[in-house]
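As provided, start.cif (mmCIF, C-alpha atoms) reads as follows.
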data_query
#
loop_
_atom_site.label_atom_id
_atom_site.label_comp_id
_atom_site.auth_asym_id
_atom_site.auth_seq_id
_atom_site.Cartn_x
_atom_site.Cartn_y
_atom_site.Cartn_z
CA MET Y 1 -155.07 -186.46 -28.43
CA ARG Y 2 -152.09 -188.71 -27.70
CA THR Y 3 -154.10 -191.83 -28.56
CA ALA Y 4 -155.26 -190.32 -31.83
CA LEU Y 5 -151.71 -189.30 -32.73
CA LEU Y 6 -150.29 -192.75 -32.02
CA ARG Y 7 -153.12 -194.36 -33.95
CA SER Y 8 -152.42 -192.13 -36.96
CA VAL Y 9 -148.68 -192.87 -36.81
CA ASP Y 10 -149.42 -196.58 -36.47
CA THR Y 11 -151.76 -196.49 -39.46
CA ALA Y 12 -149.26 -194.52 -41.53
CA LEU Y 13 -146.48 -196.98 -40.74
CA ARG Y 14 -148.66 -199.85 -41.85
CA ARG Y 15 -149.73 -198.12 -45.04
CA GLY Y 16 -146.12 -197.31 -45.84
CA SER Y 17 -145.13 -200.94 -45.98
CA SER Y 18 -145.38 -203.09 -49.06
CA SER Y 19 -146.06 -206.10 -46.88
CA SER Y 20 -149.48 -207.61 -47.39
CA HIS Y 21 -149.74 -209.19 -43.95
CA PHE Y 22 -149.14 -206.25 -41.65
CA LEU Y 23 -149.96 -206.87 -38.01
CA ARG Y 24 -152.98 -205.06 -36.66
CA ARG Y 25 -151.84 -205.56 -33.06
CA PRO Y 26 -154.31 -208.32 -32.13
CA PHE Y 27 -152.52 -208.75 -28.83
CA SER Y 28 -150.96 -206.59 -26.14
CA SER Y 29 -147.32 -205.59 -26.23
CA GLY Y 30 -146.88 -207.85 -23.21
CA SER Y 31 -147.09 -210.90 -25.49
CA LEU Y 32 -144.46 -209.57 -27.93
CA PRO Y 33 -140.87 -210.81 -27.66
CA ASP Y 34 -138.23 -208.47 -26.32
CA ARG Y 35 -136.29 -206.81 -29.13
CA LYS Y 36 -133.37 -204.42 -28.82
CA VAL Y 37 -132.77 -201.91 -31.60
CA ALA Y 38 -129.58 -199.82 -31.72
CA ILE Y 39 -129.33 -196.63 -33.76
CA LEU Y 40 -125.76 -195.57 -34.58
CA GLY Y 41 -125.82 -191.86 -35.36
CA ALA Y 42 -128.88 -191.19 -33.23
CA ALA Y 43 -128.13 -187.50 -32.57
CA GLY Y 44 -128.08 -186.57 -36.25
CA GLY Y 45 -130.65 -185.26 -38.68
CA ILE Y 46 -131.95 -188.73 -39.53
CA GLY Y 47 -131.15 -190.31 -36.18
CA GLN Y 48 -133.33 -188.05 -34.03
CA PRO Y 49 -136.65 -188.49 -35.90
CA LEU Y 50 -135.81 -192.17 -36.40
CA SER Y 51 -135.36 -192.50 -32.63
CA LEU Y 52 -138.77 -190.91 -32.11
CA LEU Y 53 -140.50 -193.21 -34.59
CA LEU Y 54 -138.96 -196.35 -33.10
CA LYS Y 55 -139.88 -195.23 -29.58
CA LEU Y 56 -143.48 -195.25 -30.84
CA ASN Y 57 -143.17 -198.80 -32.18
CA PRO Y 58 -144.53 -201.48 -29.81
CA LEU Y 59 -142.25 -204.13 -31.36
CA VAL Y 60 -139.24 -202.39 -29.77
CA SER Y 61 -138.63 -203.18 -26.09
CA SER Y 62 -135.16 -201.61 -25.80
CA LEU Y 63 -133.92 -198.63 -27.80
CA SER Y 64 -130.18 -198.00 -27.70
CA LEU Y 65 -129.09 -194.61 -29.04
CA TYR Y 66 -125.44 -194.03 -29.93
CA ASP Y 67 -123.48 -191.13 -31.39
CA ILE Y 68 -120.14 -189.47 -30.84
CA ALA Y 69 -121.87 -186.69 -28.85
CA GLY Y 70 -125.30 -185.39 -27.91
CA THR Y 71 -126.98 -188.75 -27.48
CA PRO Y 72 -127.82 -188.52 -23.74
CA GLY Y 73 -130.02 -185.52 -24.51
CA VAL Y 74 -131.84 -187.26 -27.35
CA ALA Y 75 -132.31 -190.34 -25.17
CA ALA Y 76 -133.65 -188.30 -22.25
CA ASP Y 77 -136.06 -186.48 -24.57
CA VAL Y 78 -137.64 -189.52 -26.22
CA SER Y 79 -137.55 -191.56 -23.00
CA HIS Y 80 -140.31 -189.37 -21.58
CA ILE Y 81 -142.76 -190.73 -24.18
CA ASN Y 82 -144.98 -193.28 -22.44
CA THR Y 83 -144.53 -196.22 -24.78
CA ARG Y 84 -143.02 -199.67 -24.26
CA ALA Y 85 -139.40 -199.19 -25.30
CA GLU Y 86 -136.83 -198.46 -22.61
CA VAL Y 87 -134.29 -195.95 -23.89
CA ALA Y 88 -130.58 -195.61 -23.18
CA GLY Y 89 -128.17 -193.08 -24.67
CA TYR Y 90 -124.46 -193.68 -25.27
CA ALA Y 91 -121.83 -191.16 -26.42
CA GLY Y 92 -118.22 -191.67 -27.45
CA GLU Y 93 -116.31 -194.65 -28.81
CA ASP Y 94 -115.75 -196.12 -25.35
CA GLN Y 95 -119.52 -196.68 -24.99
CA LEU Y 96 -120.13 -198.18 -28.44
CA GLY Y 97 -119.79 -201.78 -27.25
CA LYS Y 98 -122.34 -201.31 -24.49
CA ALA Y 99 -124.72 -199.66 -26.95
CA LEU Y 100 -124.50 -202.66 -29.29
CA GLU Y 101 -124.51 -205.63 -26.91
CA GLY Y 102 -127.62 -207.77 -27.28
CA SER Y 103 -129.02 -205.88 -30.28
CA ASP Y 104 -131.42 -207.66 -32.60
CA VAL Y 105 -131.40 -204.88 -35.19
CA VAL Y 106 -128.71 -202.22 -35.73
CA ILE Y 107 -129.57 -199.19 -37.87
CA ILE Y 108 -126.73 -197.03 -39.20
CA PRO Y 109 -127.65 -193.48 -40.26
CA ALA Y 110 -124.23 -192.18 -39.08
CA GLY Y 111 -122.13 -189.95 -41.31
CA VAL Y 112 -122.27 -186.57 -42.99
CA PRO Y 113 -125.29 -185.52 -45.08
CA ARG Y 114 -125.19 -184.36 -48.67
CA LYS Y 115 -124.92 -180.64 -49.34
CA PRO Y 116 -125.79 -178.76 -52.56
CA GLY Y 117 -123.45 -179.72 -55.36
CA MET Y 118 -122.27 -182.87 -53.58
CA THR Y 119 -122.70 -186.26 -55.13
CA ARG Y 120 -122.94 -189.42 -53.08
CA ASP Y 121 -119.37 -190.17 -54.17
CA ASP Y 122 -118.26 -186.93 -52.52
CA LEU Y 123 -119.44 -188.39 -49.24
CA PHE Y 124 -117.47 -191.54 -49.73
CA ASN Y 125 -114.16 -190.94 -47.97
CA ILE Y 126 -115.78 -189.59 -44.80
CA ASN Y 127 -118.67 -192.02 -44.50
CA ALA Y 128 -116.68 -195.08 -45.61
CA GLY Y 129 -114.35 -194.72 -42.64
CA ILE Y 130 -117.24 -194.27 -40.23
CA VAL Y 131 -119.06 -197.32 -41.55
CA LYS Y 132 -115.92 -199.46 -41.40
CA SER Y 133 -115.33 -198.64 -37.72
CA LEU Y 134 -118.98 -199.21 -36.79
CA ALA Y 135 -119.11 -202.51 -38.69
CA THR Y 136 -115.98 -203.63 -36.85
CA ALA Y 137 -117.74 -202.99 -33.54
CA ILE Y 138 -120.91 -204.79 -34.69
CA ALA Y 139 -118.83 -207.86 -35.61
CA LYS Y 140 -117.40 -207.86 -32.08
CA TYR Y 141 -120.41 -207.01 -29.92
CA CYS Y 142 -123.55 -208.21 -31.77
CA PRO Y 143 -122.48 -210.36 -34.74
CA ASN Y 144 -125.93 -211.92 -35.14
CA ALA Y 145 -127.85 -208.64 -35.44
CA LEU Y 146 -129.68 -207.58 -38.59
CA VAL Y 147 -127.79 -204.55 -39.92
CA ASN Y 148 -129.77 -201.83 -41.70
CA MET Y 149 -127.40 -199.53 -43.61
CA ILE Y 150 -128.63 -196.00 -44.25
CA SER Y 151 -125.25 -194.22 -44.46
CA ASN Y 152 -124.55 -193.08 -48.01
CA PRO Y 153 -123.36 -194.05 -50.53
CA VAL Y 154 -125.28 -197.26 -49.75
CA ASN Y 155 -124.05 -198.83 -53.01
CA SER Y 156 -120.56 -198.75 -51.45
CA THR Y 157 -121.17 -198.84 -47.69
CA VAL Y 158 -123.00 -202.18 -47.79
CA PRO Y 159 -120.05 -203.88 -49.56
CA ILE Y 160 -117.68 -202.23 -47.04
CA ALA Y 161 -119.64 -203.71 -44.13
CA ALA Y 162 -119.73 -207.11 -45.86
CA GLU Y 163 -115.94 -207.12 -46.22
CA VAL Y 164 -115.46 -206.10 -42.57
CA PHE Y 165 -117.73 -208.92 -41.42
CA LYS Y 166 -115.94 -211.40 -43.69
CA LYS Y 167 -112.58 -210.46 -42.16
CA ALA Y 168 -114.06 -210.91 -38.69
CA GLY Y 169 -115.57 -214.29 -39.62
CA THR Y 170 -119.10 -213.12 -38.81
CA TYR Y 171 -120.54 -212.37 -42.26
CA ASP Y 172 -124.07 -213.62 -42.90
CA GLU Y 173 -125.44 -212.37 -46.21
CA LYS Y 174 -128.97 -212.78 -44.89
CA LYS Y 175 -128.42 -210.17 -42.19
CA LEU Y 176 -126.99 -207.18 -44.07
CA PHE Y 177 -129.35 -204.74 -45.75
CA GLY Y 178 -129.00 -201.49 -47.62
CA VAL Y 179 -132.10 -199.46 -46.81
CA THR Y 180 -133.63 -198.36 -50.14
CA THR Y 181 -137.14 -197.89 -48.75
CA LEU Y 182 -137.09 -194.13 -49.39
CA ASP Y 183 -136.82 -194.80 -53.14
CA VAL Y 184 -139.94 -196.97 -52.85
CA LEU Y 185 -141.83 -194.31 -50.88
CA ARG Y 186 -140.95 -191.64 -53.42
CA ALA Y 187 -141.99 -193.85 -56.32
CA LYS Y 188 -145.31 -194.55 -54.59
CA THR Y 189 -145.94 -190.89 -53.82
CA PHE Y 190 -145.05 -189.56 -57.27
CA TYR Y 191 -146.94 -192.34 -59.07
CA ALA Y 192 -150.08 -191.85 -56.98
CA ALA Y 193 -150.17 -188.13 -57.75
CA LYS Y 194 -149.71 -188.65 -61.50
CA ALA Y 195 -152.03 -191.65 -61.80
CA LYS Y 196 -154.62 -190.03 -59.52
CA VAL Y 197 -154.98 -193.07 -57.28
CA PRO Y 198 -155.02 -193.19 -53.44
CA VAL Y 199 -151.40 -193.13 -52.32
CA GLU Y 200 -151.99 -195.52 -49.42
CA GLU Y 201 -153.06 -198.22 -51.89
CA VAL Y 202 -150.03 -197.89 -54.18
CA ASN Y 203 -147.12 -200.28 -54.40
CA VAL Y 204 -144.13 -199.84 -56.72
CA PRO Y 205 -141.05 -202.11 -56.60
CA VAL Y 206 -137.74 -200.26 -56.92
CA VAL Y 207 -134.65 -202.25 -57.92
CA GLY Y 208 -130.96 -201.69 -58.67
CA GLY Y 209 -129.14 -199.49 -56.19
CA HIS Y 210 -129.59 -196.33 -54.14
CA ALA Y 211 -128.08 -193.47 -56.15
CA GLY Y 212 -129.04 -191.66 -59.34
CA ILE Y 213 -129.52 -193.90 -62.37
CA THR Y 214 -128.93 -197.04 -60.28
CA ILE Y 215 -132.41 -196.42 -58.82
CA LEU Y 216 -134.87 -198.18 -61.11
CA PRO Y 217 -138.57 -197.96 -60.20
CA LEU Y 218 -140.64 -200.63 -61.94
CA PHE Y 219 -143.74 -198.60 -62.77
CA SER Y 220 -144.89 -201.35 -65.16
CA GLN Y 221 -145.51 -203.43 -62.02
CA ALA Y 222 -147.19 -200.62 -60.05
CA THR Y 223 -150.48 -201.40 -58.36
CA PRO Y 224 -153.13 -200.26 -58.85
CA SER Y 225 -152.15 -200.15 -62.52
CA ASN Y 226 -152.91 -197.12 -64.67
CA ASN Y 227 -152.70 -197.65 -68.40
CA SER Y 228 -153.34 -193.98 -69.19
CA LEU Y 229 -149.78 -192.95 -68.27
CA SER Y 230 -147.70 -192.23 -71.35
CA HIS Y 231 -144.10 -193.26 -72.00
CA GLU Y 232 -143.11 -189.65 -71.29
CA ASP Y 233 -144.99 -189.77 -67.98
CA ILE Y 234 -143.08 -192.91 -66.95
CA LYS Y 235 -139.75 -191.37 -67.99
CA ALA Y 236 -140.51 -188.26 -65.93
CA LEU Y 237 -141.61 -190.30 -62.89
CA THR Y 238 -138.47 -192.42 -63.13
CA LYS Y 239 -136.22 -189.34 -63.33
CA ARG Y 240 -137.94 -187.68 -60.38
CA THR Y 241 -137.59 -190.83 -58.28
CA GLN Y 242 -133.90 -191.01 -59.15
CA ASP Y 243 -133.39 -187.32 -58.33
CA GLY Y 244 -135.56 -187.26 -55.20
CA GLY Y 245 -132.63 -186.76 -52.86
CA THR Y 246 -131.26 -183.87 -54.92
CA GLU Y 247 -134.72 -182.30 -54.98
CA VAL Y 248 -134.73 -182.15 -51.17
CA VAL Y 249 -131.09 -180.99 -50.88
CA GLU Y 250 -131.78 -178.09 -53.24
CA ALA Y 251 -135.09 -177.20 -51.57
CA LYS Y 252 -133.33 -176.99 -48.19
CA ALA Y 253 -130.80 -174.61 -49.75
CA GLY Y 254 -127.72 -175.97 -48.09
CA LYS Y 255 -129.34 -176.53 -44.71
CA GLY Y 256 -129.80 -180.30 -44.93
CA SER Y 257 -130.78 -183.34 -46.93
CA ALA Y 258 -133.67 -185.82 -46.82
CA THR Y 259 -133.72 -186.48 -43.09
CA LEU Y 260 -137.41 -186.70 -42.14
CA SER Y 261 -138.53 -188.86 -45.06
CA MET Y 262 -135.41 -191.03 -44.64
CA ALA Y 263 -136.17 -191.48 -40.94
CA TYR Y 264 -139.70 -192.60 -41.83
CA ALA Y 265 -138.32 -194.99 -44.46
CA GLY Y 266 -135.83 -196.35 -41.92
CA ALA Y 267 -138.62 -196.92 -39.42
CA ILE Y 268 -140.69 -198.76 -42.04
CA PHE Y 269 -137.83 -201.10 -42.91
CA ALA Y 270 -136.82 -201.69 -39.29
CA GLU Y 271 -140.39 -202.66 -38.46
CA ALA Y 272 -140.40 -205.11 -41.37
CA CYS Y 273 -137.18 -206.68 -40.03
CA LEU Y 274 -138.66 -206.96 -36.53
CA LYS Y 275 -141.81 -208.60 -37.86
CA GLY Y 276 -139.71 -211.07 -39.81
CA LEU Y 277 -137.72 -211.89 -36.66
CA ASN Y 278 -140.99 -212.39 -34.80
CA GLY Y 279 -142.22 -214.91 -37.37
CA VAL Y 280 -144.87 -212.81 -39.11
CA PRO Y 281 -145.33 -214.40 -42.56
CA ASP Y 282 -144.98 -212.80 -45.99
CA ILE Y 283 -143.05 -209.68 -45.03
CA ILE Y 284 -141.71 -208.37 -48.33
CA GLU Y 285 -139.69 -205.18 -48.80
CA CYS Y 286 -137.19 -203.90 -51.34
CA SER Y 287 -133.58 -203.80 -50.12
CA PHE Y 288 -130.00 -203.70 -51.40
CA VAL Y 289 -128.58 -207.11 -50.47
CA GLN Y 290 -126.14 -209.78 -51.62
CA SER Y 291 -127.87 -211.17 -54.67
CA ASN Y 292 -127.50 -213.48 -57.64
CA ILE Y 293 -130.45 -212.24 -59.70
CA THR Y 294 -127.99 -210.26 -61.86
CA GLU Y 295 -124.26 -210.68 -62.45
CA LEU Y 296 -123.61 -208.04 -59.74
CA PRO Y 297 -122.78 -209.26 -56.21
CA PHE Y 298 -125.20 -206.80 -54.58
CA PHE Y 299 -128.51 -205.61 -55.97
CA ALA Y 300 -131.74 -204.09 -54.68
CA SER Y 301 -134.92 -206.05 -55.26
CA LYS Y 302 -137.85 -207.39 -53.31
CA VAL Y 303 -136.81 -209.71 -50.48
CA ARG Y 304 -138.86 -211.88 -48.18
CA LEU Y 305 -137.92 -211.32 -44.53
CA GLY Y 306 -138.01 -213.96 -41.82
CA LYS Y 307 -136.50 -215.15 -38.55
CA ASN Y 308 -132.97 -215.20 -39.99
CA GLY Y 309 -133.19 -212.01 -42.03
CA VAL Y 310 -133.47 -212.59 -45.77
CA GLU Y 311 -135.49 -215.74 -46.41
CA GLU Y 312 -135.61 -215.26 -50.17
CA VAL Y 313 -134.31 -212.77 -52.72
CA LEU Y 314 -137.15 -212.38 -55.20
CA GLY Y 315 -136.66 -211.99 -58.94
CA LEU Y 316 -137.28 -208.88 -60.98
CA GLY Y 317 -140.45 -210.10 -62.67
CA PRO Y 318 -141.51 -208.93 -66.15
CA LEU Y 319 -139.89 -205.65 -67.24
CA SER Y 320 -140.97 -203.15 -69.86
CA ASP Y 321 -138.56 -202.30 -72.67
CA PHE Y 322 -137.84 -198.98 -70.93
CA GLU Y 323 -137.03 -200.80 -67.69
CA LYS Y 324 -134.84 -203.37 -69.49
CA GLN Y 325 -132.87 -200.48 -70.95
CA GLY Y 326 -132.62 -198.83 -67.52
CA LEU Y 327 -131.40 -202.09 -66.00
CA GLU Y 328 -128.57 -202.39 -68.51
CA SER Y 329 -127.69 -198.70 -68.14
CA LEU Y 330 -127.31 -198.85 -64.36
CA LYS Y 331 -125.08 -201.93 -64.16
CA SER Y 332 -121.70 -200.33 -64.89
CA GLU Y 333 -122.19 -197.52 -62.38
CA LEU Y 334 -123.47 -199.87 -59.69
CA LYS Y 335 -120.60 -202.30 -60.35
CA SER Y 336 -118.11 -199.45 -59.96
CA SER Y 337 -119.65 -198.34 -56.64
CA ILE Y 338 -119.63 -201.88 -55.27
CA GLU Y 339 -115.99 -202.38 -56.28
CA LYS Y 340 -115.07 -199.03 -54.73
CA GLY Y 341 -116.47 -200.18 -51.39
CA ILE Y 342 -114.69 -203.54 -51.54
CA LYS Y 343 -111.41 -201.83 -52.44
CA PHE Y 344 -111.70 -199.38 -49.56
CA ALA Y 345 -112.36 -202.17 -47.07
CA SER Y 346 -109.40 -204.21 -48.31
CA GLU Y 347 -106.96 -201.28 -48.30
CA ASN Y 348 -107.91 -199.64 -44.99
#

Take the structure in the file and write it out as structure tokens.
Amino acid sequence: MRTALLRSVDTALRRGSSSSHFLRRPFSSGSLPDRKVAILGAAGGIGQPLSLLLKLNPLVSSLSLYDIAGTPGVAADVSHINTRAEVAGYAGEDQLGKALEGSDVVIIPAGVPRKPGMTRDDLFNINAGIVKSLATAIAKYCPNALVNMISNPVNSTVPIAAEVFKKAGTYDEKKLFGVTTLDVLRAKTFYAAKAKVPVEEVNVPVVGGHAGITILPLFSQATPSNNSLSHEDIKALTKRTQDGGTEVVEAKAGKGSATLSMAYAGAIFAEACLKGLNGVPDIIECSFVQSNITELPFFASKVRLGKNGVEEVLGLGPLSDFEKQGLESLKSELKSSIEKGIKFASEN
């Protein structure tokens, strides 16, 4: 039963990626390079399932779990799973440095979740301070790590981290990512149901940012294509993708936000980063990164991942008139969120 479960998880992880050259494990884990992954916020609603998923990933040799409290229990729990990764749990600020040292990839789901009626901006003051302190520690203890930012609002927390790294003299634009993979997964899922195509075969690029109207799924570029979808269908699919987080918050009736699907998305993106580090070719995912494909300093689009992080920020490709309109509509809000993050970092 265990083998079947791992095989199904492995298959699901591979199907979830937009990469066309996913490894099929042609060799044993013994021939894979050692890779340490640190999760900051590992005892939380996203952190715990994310820890489980990365413990199952053969690309991870060392899994470092950090939170302000509760992490030793999470670490003990997942450490009993008989997979490659060795697990260590760290709790409290005095152990943060040890948790980070030697990390190849650092994933940050730390912070408070959204509650009903809260916008991502409502989260800002709490999560911005958390991200700033964690980024400061990353700059000190593992400045060369790839940083995967999950903490919301991503449109602001990524610029905050960038400013912290700049001040520390460690900033590398190729190594800082806002994780927008959940927007891609939602777009794939919703499109597949409406277009009546197998969901595991679907790919939909999602560009812009990671909140509300800044999320712009490019259904005109969806594969397999379906020309039977009307303009109203596309509008509805776009709106549902943009409101996916709110849909989950409301469905959980005040008891949480999108934790399980976000953990899966985080695991997908972390695996893509690890494959890039390991030299697997043509690993392409959407991510919110420093970019010059628009006039905005940060923007989500497809990026090619490699041994140094971002190898190439890919262009938007041909857009429909509806998507062109959406692109123009999102820019002012995204610009404001980016500037808000930069301002916070400079003033605090």

Quick one: apply the PyMOL selection byres ((chain Y and resi 212) around 10) to the file and drop the selected residues here as a CSV table (one decimal) with C-alpha atoms, keeping the file's coordinate frame.
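Printed below is out_38.csv as written:
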chain,number,residue,atom,x,y,z
Y,119,THR,CA,-122.7,-186.3,-55.1
Y,120,ARG,CA,-122.9,-189.4,-53.1
Y,209,GLY,CA,-129.1,-199.5,-56.2
Y,210,HIS,CA,-129.6,-196.3,-54.1
Y,211,ALA,CA,-128.1,-193.5,-56.2
Y,213,ILE,CA,-129.5,-193.9,-62.4
Y,214,THR,CA,-128.9,-197.0,-60.3
Y,215,ILE,CA,-132.4,-196.4,-58.8
Y,216,LEU,CA,-134.9,-198.2,-61.1
Y,239,LYS,CA,-136.2,-189.3,-63.3
Y,240,ARG,CA,-137.9,-187.7,-60.4
Y,241,THR,CA,-137.6,-190.8,-58.3
Y,242,GLN,CA,-133.9,-191.0,-59.2
Y,243,ASP,CA,-133.4,-187.3,-58.3
Y,244,GLY,CA,-135.6,-187.3,-55.2
Y,245,GLY,CA,-132.6,-186.8,-52.9
Y,246,THR,CA,-131.3,-183.9,-54.9
Y,330,LEU,CA,-127.3,-198.8,-64.4
Y,333,GLU,CA,-122.2,-197.5,-62.4
Y,334,LEU,CA,-123.5,-199.9,-59.7

**OP:** To one decimal in Å, tell me the separation between atom CA of Y:Ala76 and atom CA of Y:Ser61.
**Re:** 16.2 Å

**OP:** Report the distance between atom CA of Y:Gly117 and atom CA of Y:Phe269 in Å, rounded to one decimal place.
**Re:** 28.6 Å

**OP:** May I have the residues within 12 Å of Y:Arg304 as a PyMOL selection string, using only C-alpha atoms and disregarding those fewer than 4 positions away in the same chain?
**Re:** chain Y and resi 18-21+174+272-273+275-277+279-287+289+308-315

Original post:
So which residues get picked by the PyMOL selection byres ((chain Y and resi 237) around 10) here, written as a PyMOL selection string?
Top reply: chain Y and resi 186-187+190-191+194+217+219+231-236+238-243

Because the input lacks atoms here, generate N, CA and C atoms for stretch 257-268 of chain Y and report them as an mmCIF file, in the coordinates of the input.
data_model
loop_
_atom_site.group_PDB
_atom_site.id
_atom_site.type_symbol
_atom_site.label_atom_id
_atom_site.label_comp_id
_atom_site.auth_asym_id
_atom_site.auth_seq_id
_atom_site.Cartn_x
_atom_site.Cartn_y
_atom_site.Cartn_z
ATOM 1 N N SER Y 257 -130.389 -182.398 -45.884
ATOM 2 C CA SER Y 257 -130.780 -183.340 -46.930
ATOM 3 C C SER Y 257 -132.078 -184.015 -46.501
ATOM 4 N N ALA Y 258 -132.400 -185.135 -47.118
ATOM 5 C CA ALA Y 258 -133.670 -185.820 -46.820
ATOM 6 C C ALA Y 258 -133.547 -186.559 -45.488
ATOM 7 N N THR Y 259 -133.865 -185.880 -44.413
ATOM 8 C CA THR Y 259 -133.720 -186.480 -43.090
ATOM 9 C C THR Y 259 -135.046 -187.030 -42.555
ATOM 10 N N LEU Y 260 -136.120 -186.279 -42.704
ATOM 11 C CA LEU Y 260 -137.410 -186.700 -42.140
ATOM 12 C C LEU Y 260 -137.999 -187.868 -42.920
ATOM 13 N N SER Y 261 -138.006 -187.756 -44.248
ATOM 14 C CA SER Y 261 -138.530 -188.860 -45.060
ATOM 15 C C SER Y 261 -137.639 -190.087 -44.947
ATOM 16 N N MET Y 262 -136.314 -189.880 -44.805
ATOM 17 C CA MET Y 262 -135.410 -191.030 -44.640
ATOM 18 C C MET Y 262 -135.635 -191.690 -43.295
ATOM 19 N N ALA Y 263 -135.887 -190.896 -42.259
ATOM 20 C CA ALA Y 263 -136.170 -191.480 -40.940
ATOM 21 C C ALA Y 263 -137.436 -192.330 -41.001
ATOM 22 N N TYR Y 264 -138.448 -191.844 -41.685
ATOM 23 C CA TYR Y 264 -139.700 -192.600 -41.830
ATOM 24 C C TYR Y 264 -139.433 -193.903 -42.596
ATOM 25 N N ALA Y 265 -138.659 -193.799 -43.683
ATOM 26 C CA ALA Y 265 -138.320 -194.990 -44.460
ATOM 27 C C ALA Y 265 -137.536 -195.983 -43.605
ATOM 28 N N GLY Y 266 -136.604 -195.482 -42.801
ATOM 29 C CA GLY Y 266 -135.830 -196.350 -41.920
ATOM 30 C C GLY Y 266 -136.697 -197.053 -40.896
ATOM 31 N N ALA Y 267 -137.698 -196.333 -40.394
ATOM 32 C CA ALA Y 267 -138.620 -196.920 -39.420
ATOM 33 C C ALA Y 267 -139.480 -198.006 -40.057
ATOM 34 N N ILE Y 268 -139.913 -197.762 -41.292
ATOM 35 C CA ILE Y 268 -140.690 -198.760 -42.040
ATOM 36 C C ILE Y 268 -139.887 -200.055 -42.196
#
